$ cat structure-v3.json   # JSON, C-alpha atoms
[["chain", "number", "residue", "atom", "x", "y", "z"],
["A", 78, "MET", "CA", 96.13, 67.70, 110.02],
["A", 79, "ARG", "CA", 97.29, 67.07, 106.50],
["A", 80, "PRO", "CA", 100.11, 69.23, 105.13],
["A", 81, "PHE", "CA", 98.89, 72.18, 103.10],
["A", 82, "ILE", "CA", 100.15, 75.24, 101.29],
["A", 83, "VAL", "CA", 98.69, 78.73, 101.18],
["A", 84, "PHE", "CA", 98.81, 81.03, 98.17],
["A", 85, "GLY", "CA", 98.33, 84.72, 98.80],
["A", 86, "ILE", "CA", 97.30, 87.17, 96.12],
["A", 87, "PRO", "CA", 97.92, 90.89, 96.62],
["A", 88, "ASN", "CA", 94.90, 93.13, 96.31],
["A", 89, "ALA", "CA", 94.59, 96.12, 94.02],
["A", 90, "VAL", "CA", 95.23, 98.61, 96.88],
["A", 91, "GLU", "CA", 93.12, 101.68, 95.97],
["A", 92, "ASN", "CA", 90.74, 99.39, 94.04],
["A", 93, "ARG", "CA", 90.41, 96.91, 96.92],
["A", 94, "HIS", "CA", 86.70, 97.61, 97.43],
["A", 95, "SER", "CA", 85.95, 97.53, 93.72],
["A", 96, "GLU", "CA", 87.83, 94.25, 93.40],
["A", 97, "TYR", "CA", 86.46, 92.46, 96.49],
["A", 98, "TYR", "CA", 82.93, 93.83, 96.92],
["A", 99, "PRO", "CA", 80.36, 91.20, 95.85],
["A", 100, "GLN", "CA", 79.32, 92.37, 92.40],
["A", 101, "LYS", "CA", 75.94, 90.70, 91.92],
["A", 102, "PRO", "CA", 74.49, 91.95, 95.24],
["A", 103, "PHE", "CA", 75.84, 95.41, 94.40],
["A", 104, "GLU", "CA", 74.26, 95.35, 90.94],
["A", 105, "ALA", "CA", 70.94, 94.18, 92.43],
["A", 106, "LEU", "CA", 70.70, 97.43, 94.41],
["A", 107, "SER", "CA", 68.80, 100.32, 92.89],
["A", 108, "LYS", "CA", 70.82, 102.62, 90.63],
["A", 109, "GLN", "CA", 70.23, 105.35, 93.22],
["A", 110, "LYS", "CA", 71.74, 103.19, 96.00],
["A", 111, "GLN", "CA", 74.66, 102.16, 93.77],
["A", 112, "SER", "CA", 75.33, 105.82, 93.05],
["A", 113, "ALA", "CA", 75.15, 106.72, 96.74],
["A", 114, "LEU", "CA", 77.60, 103.94, 97.64],
["A", 115, "SER", "CA", 79.92, 105.07, 94.86],
["A", 116, "GLN", "CA", 80.11, 108.49, 96.51],
["A", 117, "LEU", "CA", 81.25, 107.14, 99.89],
["A", 118, "GLU", "CA", 84.76, 108.04, 100.99],
["A", 119, "LYS", "CA", 87.15, 105.72, 102.76],
["A", 120, "TYR", "CA", 88.72, 108.84, 104.17],
["A", 121, "PRO", "CA", 88.50, 112.46, 103.03],
["A", 122, "GLY", "CA", 89.37, 112.82, 99.37],
["A", 123, "HIS", "CA", 89.58, 109.05, 98.69],
["A", 124, "LYS", "CA", 86.57, 107.20, 97.32],
["A", 125, "LEU", "CA", 85.69, 103.87, 98.89],
["A", 126, "PHE", "CA", 85.04, 102.51, 95.38],
["A", 127, "ALA", "CA", 87.81, 103.87, 93.16],
["A", 128, "SER", "CA", 86.20, 102.26, 90.08],
["A", 129, "ASN", "CA", 83.19, 100.15, 89.14],
["A", 130, "VAL", "CA", 82.75, 96.96, 91.16],
["A", 131, "TYR", "CA", 84.48, 94.11, 89.26],
["A", 132, "SER", "CA", 84.70, 91.25, 91.73],
["A", 133, "ASP", "CA", 83.26, 88.76, 89.22],
["A", 134, "ASN", "CA", 86.48, 89.23, 87.24],
["A", 135, "TYR", "CA", 88.56, 88.58, 90.36],
["A", 136, "SER", "CA", 86.65, 85.36, 91.16],
["A", 137, "ARG", "CA", 86.95, 84.19, 87.57],
["A", 138, "PHE", "CA", 90.71, 84.96, 87.64],
["A", 139, "LEU", "CA", 91.13, 82.72, 90.68],
["A", 140, "VAL", "CA", 89.23, 79.82, 89.14],
["A", 141, "LYS", "CA", 90.38, 80.10, 85.53],
["A", 142, "GLU", "CA", 93.98, 81.23, 85.95],
["A", 143, "VAL", "CA", 95.35, 80.90, 89.50],
["A", 144, "ILE", "CA", 94.07, 77.42, 90.32],
["A", 145, "PRO", "CA", 95.15, 75.87, 86.99],
["A", 146, "TYR", "CA", 98.58, 77.49, 87.39],
["A", 147, "ILE", "CA", 99.00, 76.17, 90.93],
["A", 148, "GLU", "CA", 97.84, 72.68, 90.03],
["A", 149, "SER", "CA", 100.14, 72.59, 86.99],
["A", 150, "ASN", "CA", 103.26, 73.97, 88.67],
["A", 151, "TYR", "CA", 103.17, 72.71, 92.27],
["A", 152, "ASN", "CA", 103.03, 69.29, 93.84],
["A", 153, "VAL", "CA", 99.48, 69.59, 95.17],
["A", 154, "LYS", "CA", 96.47, 67.31, 95.15],
["A", 155, "LYS", "CA", 94.15, 68.35, 92.37],
["A", 156, "GLY", "CA", 90.43, 68.85, 92.69],
["A", 157, "ALA", "CA", 87.87, 70.95, 94.49],
["A", 158, "GLN", "CA", 87.84, 68.67, 97.53],
["A", 159, "TYR", "CA", 91.37, 69.89, 98.34],
["A", 160, "ARG", "CA", 90.80, 73.61, 97.77],
["A", 161, "TYR", "CA", 89.62, 76.26, 100.19],
["A", 162, "ILE", "CA", 89.37, 79.96, 99.62],
["A", 163, "GLY", "CA", 89.82, 82.38, 102.47],
["A", 164, "GLY", "CA", 90.47, 85.88, 103.59],
["A", 165, "SER", "CA", 89.81, 88.43, 106.27],
["A", 166, "SER", "CA", 87.84, 91.65, 106.14],
["A", 167, "MET", "CA", 87.11, 92.41, 102.47],
["A", 168, "GLY", "CA", 88.97, 89.16, 101.69],
["A", 169, "GLY", "CA", 86.27, 87.40, 103.69],
["A", 170, "LEU", "CA", 83.58, 88.99, 101.54],
["A", 171, "ILE", "CA", 85.18, 87.94, 98.27],
["A", 172, "SER", "CA", 85.77, 84.44, 99.67],
["A", 173, "TRP", "CA", 82.12, 83.62, 100.46],
["A", 174, "TYR", "CA", 81.06, 85.34, 97.25],
["A", 175, "THR", "CA", 83.50, 83.31, 95.14],
["A", 176, "LEU", "CA", 82.43, 80.09, 96.86],
["A", 177, "LEU", "CA", 78.77, 80.78, 96.05],
["A", 178, "ASN", "CA", 79.61, 81.59, 92.43],
["A", 179, "TYR", "CA", 81.94, 78.61, 91.97],
["A", 180, "PRO", "CA", 80.56, 76.00, 94.39],
["A", 181, "ASN", "CA", 82.12, 73.10, 92.51],
["A", 182, "GLU", "CA", 85.63, 74.57, 92.65],
["A", 183, "PHE", "CA", 86.17, 74.68, 96.42],
["A", 184, "ALA", "CA", 85.55, 72.51, 99.46],
["A", 185, "GLY", "CA", 84.77, 75.59, 101.52],
["A", 186, "ALA", "CA", 85.53, 79.19, 102.39],
["A", 187, "ILE", "CA", 87.22, 80.72, 105.40],
["A", 188, "SER", "CA", 85.78, 84.18, 105.93],
["A", 189, "MET", "CA", 87.52, 85.73, 108.93],
["A", 190, "SER", "CA", 86.50, 89.07, 110.42],
["A", 191, "THR", "CA", 84.32, 89.60, 107.40],
["A", 192, "HIS", "CA", 83.64, 93.25, 106.61],
["A", 193, "TRP", "CA", 79.79, 93.15, 106.64],
["A", 194, "PRO", "CA", 78.46, 94.66, 104.44],
["A", 195, "GLY", "CA", 81.62, 96.17, 103.00],
["A", 196, "ILE", "CA", 80.86, 99.80, 103.77],
["A", 197, "PHE", "CA", 81.62, 101.82, 106.88],
["A", 198, "SER", "CA", 78.09, 102.58, 108.02],
["A", 199, "HIS", "CA", 74.94, 100.70, 108.95],
["A", 200, "ASP", "CA", 72.77, 100.15, 105.90],
["A", 201, "ASP", "CA", 69.78, 97.81, 106.11],
["A", 202, "GLU", "CA", 69.20, 97.84, 102.34],
["A", 203, "VAL", "CA", 72.73, 96.75, 101.50],
["A", 204, "PHE", "CA", 72.82, 94.09, 104.21],
["A", 205, "ALA", "CA", 69.41, 92.76, 103.09],
["A", 206, "GLN", "CA", 70.74, 92.41, 99.53],
["A", 207, "PHE", "CA", 73.74, 90.38, 100.79],
["A", 208, "LYS", "CA", 71.44, 88.20, 102.89],
["A", 209, "GLN", "CA", 69.10, 87.64, 99.93],
["A", 210, "TYR", "CA", 71.99, 86.74, 97.63],
["A", 211, "ILE", "CA", 73.25, 84.16, 100.11],
["A", 212, "ALA", "CA", 69.73, 82.74, 100.60],
["A", 213, "ASN", "CA", 69.27, 82.45, 96.83],
["A", 214, "ASN", "CA", 72.59, 80.68, 96.30],
["A", 215, "ILE", "CA", 73.38, 78.66, 99.45],
["A", 216, "ALA", "CA", 71.65, 75.56, 98.07],
["A", 217, "LYS", "CA", 74.40, 75.33, 95.42],
["A", 218, "LEU", "CA", 76.74, 74.17, 98.18],
["A", 219, "SER", "CA", 76.39, 70.42, 98.32],
["A", 220, "ASN", "CA", 79.36, 69.85, 100.63]]

$ encode --input "structure-v3.json" --output "structure tokens"
Amino acid sequence: MRPFIVFGIPNAVENRHSEYYPQKPFEALSKQKQSALSQLEKYPGHKLFASNVYSDNYSRFLVKEVIPYIESNYNVKKGAQYRYIGGSSMGGLISWYTLLNYPNEFAGAISMSTHWPGIFSHDDEVFAQFKQYIANNIAKLSN
């Protein structure tokens, strides 16, 4: 195994779901379903989504700011073929989502114990939207 380094980025704590929940599949849901999901509570008195879903901003931040910073300030090999994105639970969701949105920026994603579909109850409509998003975008992955 080649030597490697791992960079960890802290999440936005109370905004974790808003930050890591795949934005495009969320926005493809009906407004009624989006509203219903926005009312879910992680635990009594605490919304699951503390704000609007903004994971596209998080993915863009990784690609446009974090990666250039790392490759400019650390002795690492540069290029997508040396980069993997990964996480567990909600971090697994944002990892596959980021890979599908930036397929030329990573060699792969490690999505461990992925929190499917990012809510705490069974929901066929939400899961179907995730599945459709993956089906529509998986061909972008040439590696």

$ closest_residue --input "structure-v3.json" --among "A:Gly122, A:Lys108, A:Lys101, A:Lys154" --to "Arg79 (chain A)" --atoms "all atoms listed in the file"
A:Lys154

$ residues_around --input "structure-v3.json" --residues "Gln158 (chain A)" --least-positions-apart "4" --cutoff "10 Å" --atoms "only C-alpha atoms" --output "PyMOL selection string"
chain A and resi 154+181-185+220

$ closest_residue --input "structure-v3.json" --among "A:Ser149, A:Asn134, A:Ile196, A:Pro99" --to "Tyr120 (chain A)" --atoms "all atoms listed in the file"
A:Ile196

$ closest_residue --input "structure-v3.json" --among "A:Gly156, A:Pro180, A:Gly168, A:Pro80" --to "Arg93 (chain A)" --atoms "all atoms listed in the file"
A:Gly168

$ closest_residue --input "structure-v3.json" --among "A:Gln109, A:Ser165, A:Gln100, A:Ser115" --to "Tyr135 (chain A)" --atoms "all atoms listed in the file"
A:Gln100

$ residues_around --input "structure-v3.json" --residues "Gly195 (chain A)" --least-positions-apart "4" --cutoff "8 Å" --atoms "all atoms listed in the file" --output "list in words"
His94, Tyr98, Met167 and Leu170 of chain A

$ residues_around --input "structure-v3.json" --residues "region 160-164 of chain A" --least-positions-apart "6" --cutoff "10 Å" --atoms "only C-alpha atoms" --output "ChimeraX atom specification"
/A:81,83-85,139,144,153-154,170-173,175-176,182-191

$ residues_around --input "structure-v3.json" --residues "Lys208 (chain A)" --least-positions-apart "2" --cutoff "12 Å" --atoms "all atoms listed in the file" --output "PDB file with C-alpha atoms, keeping the file's coordinate frame"
ATOM      1  CA  PRO A  99      80.360  91.200  95.850  1.00  0.00           C
ATOM      2  CA  PRO A 102      74.490  91.950  95.240  1.00  0.00           C
ATOM      3  CA  PHE A 103      75.840  95.410  94.400  1.00  0.00           C
ATOM      4  CA  TRP A 173      82.120  83.620 100.460  1.00  0.00           C
ATOM      5  CA  TYR A 174      81.060  85.340  97.250  1.00  0.00           C
ATOM      6  CA  TRP A 193      79.790  93.150 106.640  1.00  0.00           C
ATOM      7  CA  PRO A 194      78.460  94.660 104.440  1.00  0.00           C
ATOM      8  CA  ASP A 201      69.780  97.810 106.110  1.00  0.00           C
ATOM      9  CA  GLU A 202      69.200  97.840 102.340  1.00  0.00           C
ATOM     10  CA  VAL A 203      72.730  96.750 101.500  1.00  0.00           C
ATOM     11  CA  PHE A 204      72.820  94.090 104.210  1.00  0.00           C
ATOM     12  CA  ALA A 205      69.410  92.760 103.090  1.00  0.00           C
ATOM     13  CA  GLN A 206      70.740  92.410  99.530  1.00  0.00           C
ATOM     14  CA  TYR A 210      71.990  86.740  97.630  1.00  0.00           C
ATOM     15  CA  ILE A 211      73.250  84.160 100.110  1.00  0.00           C
ATOM     16  CA  ALA A 212      69.730  82.740 100.600  1.00  0.00           C
ATOM     17  CA  ASN A 213      69.270  82.450  96.830  1.00  0.00           C
ATOM     18  CA  ASN A 214      72.590  80.680  96.300  1.00  0.00           C
ATOM     19  CA  ILE A 215      73.380  78.660  99.450  1.00  0.00           C
TER      20      ILE A 215
END

$ atom_distance --input "structure-v3.json" --atom1 "CA of Tyr159 (chain A)" --atom2 "CA of Tyr179 (chain A)"
14.3 Å

$ atom_distance --input "structure-v3.json" --atom1 "CA of Ser95 (chain A)" --atom2 "CA of Ala216 (chain A)"
26.6 Å

$ axis_aligned_box --input "structure-v3.json" --around "region 95-108 of chain A" --padding-each-side "5 Å" --output "AutoDock Vina command-line options"
--center_x 78.3 --center_y 96.7 --center_z 93.8 --size_x 29.0 --size_y 21.9 --size_z 16.3

$ atom_distance --input "structure-v3.json" --atom1 "CA of His123 (chain A)" --atom2 "CA of Asn92 (chain A)"
10.8 Å

$ decode --input "structure-v3.json" --residues "region 183-202 of chain A" --atoms "N, CA, C and O atoms" --output "JSON list (two decimals), in the first residue's frame"
[["chain", "number", "residue", "atom", "x", "y", "z"],
["A", 183, "PHE", "N", -11.99, 12.92, -8.43],
["A", 183, "PHE", "CA", -11.67, 11.86, -7.47],
["A", 183, "PHE", "C", -11.51, 10.53, -8.18],
["A", 183, "PHE", "O", -12.15, 10.28, -9.20],
["A", 184, "ALA", "N", -10.69, 9.66, -7.61],
["A", 184, "ALA", "CA", -10.54, 8.30, -8.13],
["A", 184, "ALA", "C", -11.66, 7.41, -7.60],
["A", 184, "ALA", "O", -11.94, 6.36, -8.18],
["A", 185, "GLY", "N", -12.29, 7.80, -6.52],
["A", 185, "GLY", "CA", -13.37, 7.00, -5.97],
["A", 185, "GLY", "C", -13.89, 7.58, -4.67],
["A", 185, "GLY", "O", -13.38, 8.59, -4.18],
["A", 186, "ALA", "N", -14.90, 6.92, -4.14],
["A", 186, "ALA", "CA", -15.50, 7.34, -2.87],
["A", 186, "ALA", "C", -15.58, 6.13, -1.93],
["A", 186, "ALA", "O", -15.83, 5.00, -2.38],
["A", 187, "ILE", "N", -15.38, 6.39, -0.68],
["A", 187, "ILE", "CA", -15.52, 5.38, 0.36],
["A", 187, "ILE", "C", -16.73, 5.81, 1.20],
["A", 187, "ILE", "O", -16.67, 6.79, 1.94],
["A", 188, "SER", "N", -17.81, 5.09, 1.04],
["A", 188, "SER", "CA", -19.05, 5.43, 1.74],
["A", 188, "SER", "C", -19.36, 4.32, 2.74],
["A", 188, "SER", "O", -19.97, 3.31, 2.40],
["A", 189, "MET", "N", -18.92, 4.51, 3.97],
["A", 189, "MET", "CA", -19.05, 3.50, 5.02],
["A", 189, "MET", "C", -20.31, 3.72, 5.84],
["A", 189, "MET", "O", -20.63, 4.86, 6.18],
["A", 190, "SER", "N", -21.00, 2.65, 6.15],
["A", 190, "SER", "CA", -22.21, 2.72, 6.97],
["A", 190, "SER", "C", -23.09, 3.89, 6.53],
["A", 190, "SER", "O", -23.55, 4.68, 7.34],
["A", 191, "THR", "N", -23.31, 3.97, 5.23],
["A", 191, "THR", "CA", -24.04, 5.10, 4.69],
["A", 191, "THR", "C", -25.45, 5.17, 5.23],
["A", 191, "THR", "O", -26.14, 4.17, 5.32],
["A", 192, "HIS", "N", -25.85, 6.35, 5.60],
["A", 192, "HIS", "CA", -27.16, 6.61, 6.22],
["A", 192, "HIS", "C", -28.21, 6.73, 5.11],
["A", 192, "HIS", "O", -28.56, 7.82, 4.68],
["A", 193, "TRP", "N", -28.70, 5.58, 4.61],
["A", 193, "TRP", "CA", -29.70, 5.57, 3.54],
["A", 193, "TRP", "C", -31.09, 5.70, 4.13],
["A", 193, "TRP", "O", -31.42, 4.94, 5.02],
["A", 194, "PRO", "N", -31.94, 6.56, 3.68],
["A", 194, "PRO", "CA", -31.68, 7.65, 2.76],
["A", 194, "PRO", "C", -31.50, 8.98, 3.48],
["A", 194, "PRO", "O", -31.89, 10.03, 2.97],
["A", 195, "GLY", "N", -30.92, 8.96, 4.66],
["A", 195, "GLY", "CA", -30.62, 10.21, 5.34],
["A", 195, "GLY", "C", -31.71, 10.71, 6.25],
["A", 195, "GLY", "O", -31.63, 11.81, 6.78],
["A", 196, "ILE", "N", -32.75, 9.91, 6.42],
["A", 196, "ILE", "CA", -33.80, 10.25, 7.38],
["A", 196, "ILE", "C", -33.96, 9.05, 8.29],
["A", 196, "ILE", "O", -33.36, 8.01, 8.06],
["A", 197, "PHE", "N", -34.74, 9.16, 9.33],
["A", 197, "PHE", "CA", -34.82, 8.10, 10.32],
["A", 197, "PHE", "C", -36.05, 7.21, 10.20],
["A", 197, "PHE", "O", -36.45, 6.57, 11.16],
["A", 198, "SER", "N", -36.64, 7.18, 9.01],
["A", 198, "SER", "CA", -37.80, 6.31, 8.80],
["A", 198, "SER", "C", -37.76, 5.78, 7.37],
["A", 198, "SER", "O", -37.08, 6.32, 6.51],
["A", 199, "HIS", "N", -38.49, 4.71, 7.15],
["A", 199, "HIS", "CA", -38.58, 4.13, 5.81],
["A", 199, "HIS", "C", -39.40, 5.07, 4.93],
["A", 199, "HIS", "O", -40.48, 5.50, 5.33],
["A", 200, "ASP", "N", -38.88, 5.38, 3.75],
["A", 200, "ASP", "CA", -39.60, 6.26, 2.84],
["A", 200, "ASP", "C", -39.25, 5.86, 1.41],
["A", 200, "ASP", "O", -38.18, 6.20, 0.91],
["A", 201, "ASP", "N", -40.17, 5.15, 0.76],
["A", 201, "ASP", "CA", -39.92, 4.66, -0.59],
["A", 201, "ASP", "C", -39.68, 5.80, -1.58],
["A", 201, "ASP", "O", -38.85, 5.68, -2.48],
["A", 202, "GLU", "N", -40.41, 6.90, -1.43],
["A", 202, "GLU", "CA", -40.27, 8.02, -2.37],
["A", 202, "GLU", "C", -38.88, 8.64, -2.30],
["A", 202, "GLU", "O", -38.26, 8.93, -3.32]]
